[in-house]
>>> print(open('run21.csv').read())   # CSV, C-alpha atoms
chain,number,residue,atom,x,y,z
A,1,MET,CA,-8.3,94.8,44.1
A,2,ILE,CA,-8.7,94.3,40.4
A,3,SER,CA,-12.4,94.0,39.6
A,4,ARG,CA,-13.8,90.8,38.1
A,5,GLN,CA,-15.3,92.8,35.2
A,6,LEU,CA,-11.9,94.3,34.4
A,7,VAL,CA,-10.3,90.9,34.3
A,8,LEU,CA,-13.1,89.6,32.0
A,9,THR,CA,-12.6,92.6,29.7
A,10,TYR,CA,-8.9,92.0,29.3
A,11,LEU,CA,-9.5,88.3,29.0
A,12,TYR,CA,-11.9,88.9,26.1
A,13,LEU,CA,-9.4,91.2,24.5
A,14,LEU,CA,-6.7,88.5,24.8
A,15,ILE,CA,-9.0,86.0,23.3
A,16,TYR,CA,-9.8,88.4,20.4
A,17,VAL,CA,-6.1,89.0,19.7
A,18,CYS,CA,-5.3,85.3,19.8
A,19,LEU,CA,-8.2,84.3,17.6
A,20,SER,CA,-7.7,87.1,15.1
A,21,SER,CA,-4.0,86.2,14.7
A,22,GLY,CA,-4.8,82.5,14.7
A,23,VAL,CA,-7.4,82.7,12.0
A,24,ILE,CA,-5.1,84.5,9.6
A,25,LEU,CA,-2.2,82.1,10.2
A,26,PHE,CA,-4.6,79.1,10.0
A,27,ASN,CA,-5.9,80.3,6.6
A,28,LYS,CA,-2.4,80.9,5.3
A,29,TRP,CA,-1.4,77.4,6.4
A,30,VAL,CA,-4.4,75.8,4.8
A,31,LEU,CA,-4.1,77.6,1.5
A,32,SER,CA,-0.4,77.5,1.1
A,33,PRO,CA,0.9,75.1,-1.5
A,34,LYS,CA,3.9,74.4,0.8
A,35,TYR,CA,2.0,73.2,3.9
A,36,PHE,CA,-1.6,71.9,3.9
A,37,LYS,CA,-1.7,72.2,0.1
A,38,PHE,CA,-5.3,73.3,-0.4
A,39,PRO,CA,-4.9,76.2,-3.0
A,40,PHE,CA,-8.7,76.8,-3.3
A,41,PRO,CA,-9.5,80.1,-1.6
A,42,ILE,CA,-13.1,80.3,-2.9
A,43,THR,CA,-13.8,76.9,-1.5
A,44,LEU,CA,-12.4,77.7,1.9
A,45,THR,CA,-14.4,80.9,2.0
A,46,MET,CA,-17.6,79.0,1.0
A,47,ILE,CA,-16.9,76.6,3.9
A,48,HIS,CA,-16.7,79.5,6.3
A,49,MET,CA,-19.9,81.0,4.9
A,50,SER,CA,-21.9,77.8,5.1
A,51,PHE,CA,-20.7,77.0,8.6
A,52,SER,CA,-21.5,80.6,9.8
A,53,GLY,CA,-24.9,80.6,8.1
A,54,ILE,CA,-25.9,77.3,9.8
A,55,VAL,CA,-24.6,78.2,13.3
A,56,THR,CA,-26.1,81.7,13.3
A,57,PHE,CA,-29.5,80.3,12.1
A,58,PHE,CA,-29.6,78.2,15.3
A,59,LEU,CA,-28.4,81.1,17.5
A,60,VAL,CA,-31.0,83.5,16.1
A,61,ARG,CA,-34.0,81.3,15.3
A,62,VAL,CA,-33.7,78.2,17.6
A,63,PHE,CA,-31.8,79.3,20.7
A,64,LYS,CA,-32.7,83.0,20.3
A,65,VAL,CA,-29.4,84.3,21.6
A,66,VAL,CA,-30.0,87.5,19.7
A,67,ALA,CA,-33.1,88.8,18.1
A,68,PRO,CA,-33.4,89.2,14.3
A,69,VAL,CA,-34.0,92.6,12.8
A,70,LYS,CA,-37.2,93.4,10.9
A,71,MET,CA,-36.0,92.3,7.4
A,72,THR,CA,-38.3,92.8,4.4
A,73,PHE,CA,-37.7,91.5,0.9
A,74,HIS,CA,-37.1,95.1,-0.3
A,75,ILE,CA,-34.4,95.7,2.3
A,76,TYR,CA,-32.8,92.4,1.6
A,77,ALA,CA,-32.8,93.0,-2.1
A,78,THR,CA,-31.6,96.6,-2.0
A,79,CYS,CA,-29.2,96.4,1.0
A,80,VAL,CA,-28.1,92.8,1.9
A,81,ILE,CA,-27.6,91.5,-1.6
A,82,PRO,CA,-25.3,94.3,-2.8
A,83,ILE,CA,-23.3,94.3,0.5
A,84,SER,CA,-23.0,90.6,0.3
A,85,ALA,CA,-21.7,90.8,-3.3
A,86,PHE,CA,-18.8,93.1,-2.3
A,87,PHE,CA,-18.2,91.2,0.9
A,88,ALA,CA,-17.8,87.9,-1.0
A,89,SER,CA,-15.5,89.7,-3.5
A,90,SER,CA,-13.3,91.0,-0.7
A,91,LEU,CA,-13.0,87.6,0.8
A,92,TRP,CA,-12.3,85.9,-2.5
A,93,PHE,CA,-9.5,88.3,-3.5
A,94,GLY,CA,-8.1,88.6,-0.1
A,95,ASN,CA,-7.8,84.9,0.5
A,96,THR,CA,-6.4,84.4,-3.0
A,97,ALA,CA,-3.5,86.7,-2.1
A,98,TYR,CA,-2.3,84.1,0.5
A,99,LEU,CA,-1.3,81.9,-2.5
A,100,TYR,CA,1.3,84.5,-3.7
A,101,ILE,CA,2.5,86.7,-0.9
A,102,SER,CA,3.4,86.4,2.8
A,103,VAL,CA,1.2,87.1,5.8
A,104,ALA,CA,3.5,89.9,6.9
A,105,PHE,CA,3.4,91.7,3.6
A,106,ILE,CA,-0.4,91.3,3.4
A,107,GLN,CA,-0.7,93.0,6.8
A,108,MET,CA,1.4,95.8,5.6
A,109,LEU,CA,-0.7,96.2,2.4
A,110,LYS,CA,-3.8,96.4,4.6
A,111,ALA,CA,-2.5,99.7,5.9
A,112,LEU,CA,-4.1,101.0,2.6
A,113,MET,CA,-7.6,100.2,3.9
A,114,PRO,CA,-8.3,103.7,5.2
A,115,VAL,CA,-7.0,105.2,1.9
A,116,ALA,CA,-9.3,103.0,-0.1
A,117,THR,CA,-12.2,103.7,2.2
A,118,PHE,CA,-11.6,107.5,2.1
A,119,ILE,CA,-11.5,107.4,-1.7
A,120,MET,CA,-14.7,105.4,-1.9
A,121,ALA,CA,-16.4,107.6,0.7
A,122,VAL,CA,-15.5,110.8,-1.1
A,123,PHE,CA,-16.6,109.3,-4.4
A,124,CYS,CA,-20.0,108.2,-3.0
A,125,GLY,CA,-20.5,111.5,-1.2
A,126,THR,CA,-20.4,110.2,2.4
A,127,ASP,CA,-17.2,112.1,3.2
A,128,LYS,CA,-15.7,115.4,2.1
A,129,LEU,CA,-12.3,115.9,0.5
A,130,ARG,CA,-10.1,117.7,3.0
A,131,TRP,CA,-6.5,118.6,2.5
A,132,ASP,CA,-5.4,117.5,6.0
A,133,LEU,CA,-7.0,114.1,5.6
A,134,PHE,CA,-5.7,113.8,2.0
A,135,LEU,CA,-2.1,114.5,3.1
A,136,ASN,CA,-2.4,111.8,5.7
A,137,MET,CA,-3.6,109.4,3.0
A,138,VAL,CA,-0.5,110.3,1.0
A,139,LEU,CA,1.7,109.6,4.0
A,140,VAL,CA,0.0,106.1,4.4
A,141,SER,CA,0.5,105.4,0.7
A,142,VAL,CA,4.1,106.4,0.7
A,143,GLY,CA,4.7,104.1,3.7
A,144,VAL,CA,3.1,101.2,1.9
A,145,VAL,CA,5.1,101.9,-1.3
A,146,VAL,CA,8.4,101.9,0.7
A,147,SER,CA,7.3,98.7,2.5
A,148,SER,CA,6.5,97.1,-0.9
A,149,TYR,CA,9.9,98.2,-2.3
A,150,GLY,CA,11.6,96.5,0.5
A,151,GLU,CA,9.7,93.2,0.0
A,152,ILE,CA,12.1,90.5,-1.0
A,153,HIS,CA,9.5,88.1,-2.5
A,154,PHE,CA,7.3,90.8,-4.1
A,155,ASN,CA,4.7,89.3,-6.3
A,156,VAL,CA,2.6,91.5,-8.7
A,157,ILE,CA,-0.3,89.0,-8.9
A,158,GLY,CA,-0.6,88.6,-5.2
A,159,THR,CA,-0.4,92.3,-4.6
A,160,LEU,CA,-3.1,93.1,-7.1
A,161,TYR,CA,-5.4,90.5,-5.5
A,162,GLN,CA,-4.9,92.0,-2.1
A,163,VAL,CA,-5.3,95.6,-3.2
A,164,THR,CA,-8.4,94.6,-5.2
A,165,GLY,CA,-9.8,92.9,-2.1
A,166,ILE,CA,-9.1,96.0,-0.1
A,167,PHE,CA,-11.0,98.3,-2.5
A,168,ALA,CA,-13.9,95.8,-2.6
A,169,GLU,CA,-14.0,95.8,1.2
A,170,ALA,CA,-13.9,99.6,1.2
A,171,LEU,CA,-16.8,99.9,-1.2
A,172,ARG,CA,-18.7,97.4,0.9
A,173,LEU,CA,-18.2,99.5,4.0
A,174,VAL,CA,-19.4,102.7,2.3
A,175,LEU,CA,-22.4,100.8,0.9
A,176,THR,CA,-23.1,99.5,4.4
A,177,GLN,CA,-23.2,103.1,5.6
A,178,VAL,CA,-25.3,104.4,2.7
A,179,LEU,CA,-27.8,101.6,2.4
A,180,LEU,CA,-28.3,100.5,6.0
A,181,GLN,CA,-28.2,104.0,7.4
A,182,LYS,CA,-31.2,104.9,5.3
A,183,LYS,CA,-33.1,101.9,6.6
A,184,GLY,CA,-32.1,102.5,10.2
A,185,LEU,CA,-30.9,98.9,10.5
A,186,THR,CA,-28.5,97.8,13.3
A,187,LEU,CA,-26.6,94.5,12.8
A,188,ASN,CA,-24.2,92.9,15.3
A,189,PRO,CA,-21.6,90.3,14.3
A,190,ILE,CA,-24.1,87.4,14.7
A,191,THR,CA,-27.1,88.9,12.9
A,192,SER,CA,-24.7,90.2,10.2
A,193,LEU,CA,-23.5,86.7,9.5
A,194,TYR,CA,-27.1,85.4,9.7
A,195,TYR,CA,-28.2,87.6,6.8
A,196,ILE,CA,-24.9,88.0,4.9
A,197,ALA,CA,-23.4,84.6,4.9
A,198,PRO,CA,-26.0,82.7,2.9
A,199,CYS,CA,-26.1,85.4,0.2
A,200,SER,CA,-22.3,85.5,0.0
A,201,PHE,CA,-22.2,81.8,-0.4
A,202,ILE,CA,-24.5,82.0,-3.4
A,203,PHE,CA,-22.3,84.8,-5.0
A,204,LEU,CA,-19.2,82.7,-4.5
A,205,PHE,CA,-20.8,79.6,-6.0
A,206,ILE,CA,-20.5,80.9,-9.6
A,207,PRO,CA,-16.8,81.7,-9.6
A,208,TRP,CA,-16.2,78.5,-7.6
A,209,TYR,CA,-18.0,76.4,-10.2
A,210,LEU,CA,-16.1,78.0,-13.1
A,211,LEU,CA,-12.6,78.4,-11.6
A,212,GLU,CA,-12.1,75.9,-8.8
A,213,LYS,CA,-14.4,72.9,-9.3
A,214,PRO,CA,-12.8,71.7,-12.5
A,215,GLU,CA,-9.3,71.8,-10.9
A,216,MET,CA,-10.6,70.1,-7.8
A,217,ASP,CA,-12.2,67.3,-9.8
A,218,SER,CA,-9.0,66.7,-11.8
A,219,SER,CA,-6.7,66.9,-8.8
A,220,GLN,CA,-8.9,64.7,-6.6
A,221,ILE,CA,-8.3,66.6,-3.5
A,222,GLN,CA,-8.9,64.6,-0.3
A,223,PHE,CA,-10.9,66.6,2.2
A,224,ASN,CA,-9.7,66.6,5.8
A,225,TYR,CA,-13.0,67.4,7.5
A,226,SER,CA,-11.5,67.9,11.0
A,227,ILE,CA,-9.1,70.6,9.7
A,228,PHE,CA,-11.8,72.4,7.8
A,229,PHE,CA,-14.2,72.2,10.8
A,230,LEU,CA,-11.6,73.6,13.1
A,231,ASN,CA,-10.8,76.4,10.6
A,232,ALA,CA,-14.4,77.4,10.2
A,233,LEU,CA,-15.0,77.1,14.0
A,234,SER,CA,-12.0,79.4,14.8
A,235,ALA,CA,-13.3,82.0,12.3
A,236,PHE,CA,-16.7,81.9,13.8
A,237,ALA,CA,-15.3,82.0,17.3
A,238,LEU,CA,-13.5,85.2,16.3
A,239,ASN,CA,-16.9,86.8,15.6
A,240,ILE,CA,-18.2,85.7,19.0
A,241,SER,CA,-15.1,87.2,20.7
A,242,ILE,CA,-15.8,90.5,18.9
A,243,PHE,CA,-19.4,90.3,20.0
A,244,LEU,CA,-18.1,90.0,23.6
A,245,VAL,CA,-15.4,92.7,23.3
A,246,ILE,CA,-17.6,95.4,21.9
A,247,GLY,CA,-20.1,94.9,24.7
A,248,ARG,CA,-17.4,95.6,27.3
A,249,THR,CA,-14.9,98.1,25.9
A,250,GLY,CA,-14.6,101.2,23.7
A,251,ALA,CA,-13.2,102.0,20.3
A,252,VAL,CA,-9.8,103.2,21.5
A,253,THR,CA,-9.1,100.0,23.5
A,254,ILE,CA,-10.1,97.8,20.5
A,255,ARG,CA,-7.9,99.9,18.2
A,256,VAL,CA,-4.9,99.5,20.5
A,257,ALA,CA,-5.6,95.7,20.6
A,258,GLY,CA,-5.8,95.7,16.8
A,259,VAL,CA,-2.4,97.4,16.4
A,260,LEU,CA,-0.8,95.1,18.9
A,261,LYS,CA,-2.2,92.2,17.1
A,262,ASP,CA,-0.8,93.4,13.8
A,263,TRP,CA,2.7,93.6,15.1
A,264,ILE,CA,2.5,90.2,16.9
A,265,LEU,CA,1.1,88.7,13.7
A,266,ILE,CA,3.9,90.0,11.6
A,267,ALA,CA,6.5,88.6,14.0
A,268,LEU,CA,4.7,85.3,14.4
A,269,SER,CA,4.4,84.8,10.6
A,270,THR,CA,8.1,85.0,10.1
A,271,ILE,CA,8.6,82.2,12.7
A,272,ILE,CA,5.8,79.9,11.5
A,273,PHE,CA,6.5,80.5,7.8
A,274,PRO,CA,10.3,80.8,7.5
A,275,GLU,CA,10.1,81.8,3.8
A,276,SER,CA,8.5,85.1,5.0
A,277,VAL,CA,11.5,87.4,5.4
A,278,ILE,CA,11.1,91.0,6.8
A,279,THR,CA,13.6,93.7,5.8
A,280,SER,CA,14.4,97.0,7.4
A,281,LEU,CA,12.5,98.8,4.5
A,282,ASN,CA,9.4,96.7,5.3
A,283,ILE,CA,9.5,97.9,8.9
A,284,ILE,CA,10.3,101.5,8.1
A,285,GLY,CA,7.6,101.7,5.4
A,286,TYR,CA,5.0,100.0,7.7
A,287,ALA,CA,5.9,102.4,10.6
A,288,VAL,CA,5.4,105.4,8.3
A,289,ALA,CA,2.1,104.1,7.1
A,290,LEU,CA,0.9,103.4,10.6
A,291,SER,CA,1.9,106.9,11.7
A,292,GLY,CA,-0.2,108.3,8.9
A,293,VAL,CA,-3.1,106.1,10.0
A,294,VAL,CA,-2.8,107.2,13.6
A,295,LEU,CA,-2.7,110.9,12.7
A,296,TYR,CA,-5.7,110.4,10.4
A,297,ASN,CA,-7.6,108.6,13.1
A,298,TYR,CA,-6.8,111.4,15.5
A,299,LEU,CA,-8.3,114.0,13.1
A,300,LYS,CA,-11.4,111.9,12.7
A,301,MET,CA,-11.8,111.5,16.4
A,302,LYS,CA,-11.6,115.3,16.8
A,303,ASP,CA,-14.4,115.6,14.2
A,304,VAL,CA,-16.6,113.2,16.2
A,305,LYS,CA,-16.0,115.0,19.5
A,306,ALA,CA,-16.8,118.3,17.8
A,307,ASN,CA,-20.1,116.9,16.6
A,308,GLN,CA,-20.9,115.7,20.1
A,309,LEU,CA,-20.5,119.2,21.7
A,310,PRO,CA,-24.1,120.3,21.1
A,311,ALA,CA,-25.4,117.2,22.8
A,312,ASP,CA,-23.0,117.6,25.7
A,313,ASN,CA,-24.2,121.1,26.3
A,314,ASN,CA,-27.7,119.7,27.0
A,315,PRO,CA,-27.6,118.2,30.5
A,316,ASP,CA,-30.7,116.0,30.0
A,317,ARG,CA,-29.5,114.7,26.6
A,318,SER,CA,-26.0,114.2,27.9
A,319,THR,CA,-27.2,112.2,30.9
A,320,LYS,CA,-29.5,110.1,28.7
A,321,ASP,CA,-26.7,109.4,26.2
A,322,LYS,CA,-24.3,108.4,29.0
A,323,LYS,CA,-26.7,106.0,30.4
A,324,ALA,CA,-27.4,104.5,27.0
A,325,SER,CA,-23.7,104.2,26.2
A,326,ASN,CA,-23.1,102.3,29.4
A,327,THR,CA,-26.0,99.9,28.9
A,328,TYR,CA,-25.3,96.6,27.3
A,329,ARG,CA,-28.1,95.7,25.0
A,330,PRO,CA,-28.8,92.1,23.9
A,331,ASP,CA,-28.6,92.9,20.3
A,332,ASN,CA,-25.5,95.0,20.9
A,333,SER,CA,-26.9,97.9,19.0
A,334,MET,CA,-25.3,101.3,19.7
A,335,ASP,CA,-25.9,104.7,18.1
A,336,ASN,CA,-22.9,105.8,16.0
A,337,ASN,CA,-21.4,109.1,17.2
A,338,ASP,CA,-21.4,110.3,13.6
A,339,GLY,CA,-25.1,109.7,13.3
A,340,THR,CA,-24.9,106.4,11.4
A,341,VAL,CA,-26.0,103.0,12.6
A,342,ILE,CA,-23.7,100.3,11.1
A,343,GLY,CA,-22.9,96.8,12.2
A,344,GLY,CA,-24.3,97.3,15.7
A,345,LEU,CA,-21.3,99.5,16.7
A,346,THR,CA,-20.3,103.1,16.9
A,347,SER,CA,-18.5,104.0,13.7
A,348,GLU,CA,-15.2,104.2,15.6
A,349,ALA,CA,-15.6,101.0,17.4
A,350,ALA,CA,-16.9,99.2,14.4
A,351,ALA,CA,-13.9,100.4,12.4
A,352,ALA,CA,-11.5,99.3,15.0
A,353,VAL,CA,-12.4,95.6,15.1
A,354,ASP,CA,-10.9,93.0,13.0
A,355,GLU,CA,-11.1,92.4,9.3
A,356,GLU,CA,-11.8,88.7,9.6
A,357,ALA,CA,-15.4,89.5,10.7
A,358,PRO,CA,-18.2,90.3,8.2
A,359,LEU,CA,-19.7,93.7,8.5
A,360,ILE,CA,-17.0,94.6,11.0
A,361,PRO,CA,-14.1,96.6,9.6
A,362,SER,CA,-10.6,95.9,10.0
A,363,ALA,CA,-8.4,97.5,12.6
A,364,ARG,CA,-6.9,99.5,9.8
A,365,LEU,CA,-10.3,100.8,8.9
A,366,SER,CA,-10.6,102.4,12.2
A,367,TYR,CA,-9.6,105.5,10.7
A,368,VAL,CA,-12.7,106.6,8.9
A,369,THR,CA,-15.9,107.8,10.5
A,370,ARG,CA,-17.7,106.4,7.6
A,371,THR,CA,-18.0,103.0,9.3
A,372,GLN,CA,-18.3,99.9,8.8
A,373,THR,CA,-16.7,94.0,10.1
A,374,GLY,CA,-13.5,89.8,8.3
A,375,SER,CA,-14.2,89.5,6.5
A,376,PHE,CA,-13.5,87.0,8.8
A,377,SER,CA,-12.2,84.3,6.6
A,378,ASN,CA,-10.1,86.8,4.7
A,379,ARG,CA,-6.9,88.1,6.0
>>> encode(input="run21.csv", output="structure tokens")
Amino acid sequence: MISRQLVLTYLYLLIYVCLSSGVILFNKWVLSPKYFKFPFPITLTMIHMSFSGIVTFFLVRVFKVVAPVKMTFHIYATCVIPISAFFASSLWFGNTAYLYISVAFIQMLKALMPVATFIMAVFCGTDKLRWDLFLNMVLVSVGVVVSSYGEIHFNVIGTLYQVTGIFAEALRLVLTQVLLQKKGLTLNPITSLYYIAPCSFIFLFIPWYLLEKPEMDSSQIQFNYSIFFLNALSAFALNISIFLVIGRTGAVTIRVAGVLKDWILIALSTIIFPESVITSLNIIGYAVALSGVVLYNYLKMKDVKANQLPADNNPDRSTKDKKASNTYRPDNSMDNNDGTVIGGLTSEAAAAVDEEAPLIPSARLSYVTRTQTGSFSNR
């Protein structure tokens, strides 16, 4: 008989895939000038941040679902604020891309995430330049270029917004590793939002006031509160699903679910948004990019296993680690296999989860041991 725990695990994975795809399609529908006609990505992101900040405050401080970490003013100023700034930037640019390019093409461009993260990691000194990894990054880039060449409705502005958002997210991931690792902090999806969301809201307020508020005042946009509530709720629910999934499964399973979600999302987007047309070059280019990502991920996993060998040779240490890895902790903190503690996940698991979640990298990020969390309203 299939165990109840196994059924729950696959149920949580199914919920994660559905919510992840749903949030992306929902955001596109809200922001698109052809459908809901609310072309204000900064405003939508601020709604998500305020909703998440309020809900996580009650979960952490009132209902005590998870325990807060020991946060000092120095740690907040030197770690949370800079991470929040790049997090807000990645959400801003990524959501703005919805105004210009299709969901399918955005997903294809996101294959560049490991390339951007690798570049930033090498630049910041958290990873080394290796020819085997570099050649894989070239393969990914070539695949994305081919996919872009095959895009019928190619838009330079939208592409630049998306690529800028990807590099902002990559820099945030590297900063998360560099800054939080030094402090020994572990943040899960809920505590991440608790600390990051309010600060990101403040960072977004300035560009909102300068760029979107005047246009909103002149256009007299009518707010549909039920739509925005459901949109913010679905984005937050995605983070809860990630919180449940990472407590029950491993990095490989989450990666497989992420890849499956990407292909389903590309197919669904062409049905829901008929103007989104996929060409054979799109598919070929994306397949080439994913092959490079998979190979890159394989090389990084080999590195992780090689680093684990000394610990595995120690019976006491190996037994202790195994017990620890099989234990679910309330704060969902786990030691990274590469020695870092980021986002409450191992670097591989963190990297495998969705890009809609703050401090949790996108499935495309999976591929870097550096580490990692949605932006959850983006993408």
>>> residues_around(input="run21.csv", residues="stretch 216-229 of chain A", least_positions_apart="4", cutoff="9 Å", atoms="only C-alpha atoms", output="VMD selection string")
chain A and resid 30 38 40 44 47 to 48 51 212 233 to 234
>>> closest_residue(input="run21.csv", among="A:Tyr10, A:Tyr195, A:Trp131, A:Phe154", to="A:Val277", atoms="only C-alpha atoms")
A:Phe154
>>> closest_residue(input="run21.csv", among="A:Arg172, A:Arg248, A:Lys34, A:Lys128", to="A:Leu91", atoms="only C-alpha atoms")
A:Arg172
>>> closest_residue(input="run21.csv", among="A:Leu109, A:Ile83, A:Ala306, A:Met49", to="A:Phe205", atoms="all atoms listed in the file")
A:Met49
>>> axis_aligned_box(input="run21.csv", around="stretch 112-131 of chain A", padding_each_side="3 Å", output="JSON")
{"center_x": -12.3, "center_y": 109.4, "center_z": 0.4, "size_x": 22.4, "size_y": 24.4, "size_z": 15.6}
>>> atom_distance(input="run21.csv", atom1="atom CA of A:Ala168", atom2="atom CA of A:Glu215")
25.8 Å
>>> closest_residue(input="run21.csv", among="A:Val69, A:Phe63, A:Ile75, A:Phe26", to="A:Lys183", atoms="all atoms listed in the file")
A:Ile75
>>> atom_distance(input="run21.csv", atom1="atom CA of A:Phe36", atom2="atom CA of A:Ala267")
21.1 Å
>>> residues_around(input="run21.csv", residues="A:Gly150", least_positions_apart="5", cutoff="12 Å", atoms="only C-alpha atoms", output="list in words")
Phe105, Met108, Gly143, Val144, Val145, Val277, Ile278, Thr279, Ser280, Leu281, Asn282, Ile283, Ile284, Gly285 and Tyr286 of chain A
>>> residues_near_point(input="run21.csv", point="(-34.5, 97.1, 3.8)", cutoff="9 Å", atoms="only C-alpha atoms", output="compact mmCIF listing (two decimals) with C-alpha atoms, in the frame of the given file")
# COMPACT_ATOMS: atom_id res chain seq x y z
CA LYS A 70 -37.20 93.40 10.90
CA MET A 71 -36.00 92.30 7.40
CA THR A 72 -38.30 92.80 4.40
CA PHE A 73 -37.70 91.50 0.90
CA HIS A 74 -37.10 95.10 -0.30
CA ILE A 75 -34.40 95.70 2.30
CA TYR A 76 -32.80 92.40 1.60
CA ALA A 77 -32.80 93.00 -2.10
CA THR A 78 -31.60 96.60 -2.00
CA CYS A 79 -29.20 96.40 1.00
CA VAL A 80 -28.10 92.80 1.90
CA LEU A 179 -27.80 101.60 2.40
CA LEU A 180 -28.30 100.50 6.00
CA LYS A 182 -31.20 104.90 5.30
CA LYS A 183 -33.10 101.90 6.60
CA GLY A 184 -32.10 102.50 10.20
CA LEU A 185 -30.90 98.90 10.50
>>> closest_residue(input="run21.csv", among="A:Leu133, A:Val17, A:Leu99, A:Ile81", to="A:Leu175", atoms="only C-alpha atoms")
A:Ile81
>>> atom_distance(input="run21.csv", atom1="atom CA of A:Leu193", atom2="atom CA of A:Leu260")
26.0 Å
>>> closest_residue(input="run21.csv", among="A:Ile157, A:Leu187, A:Val140, A:Cys199", to="A:Ala289", atoms="only C-alpha atoms")
A:Val140
>>> residues_near_point(input="run21.csv", point="(-3.3, 87.9, 10.4)", cutoff="7 Å", atoms="all atoms listed in the file", output="ChimeraX atom specification")
/A:20-21,23-25,103,107,262,265,379
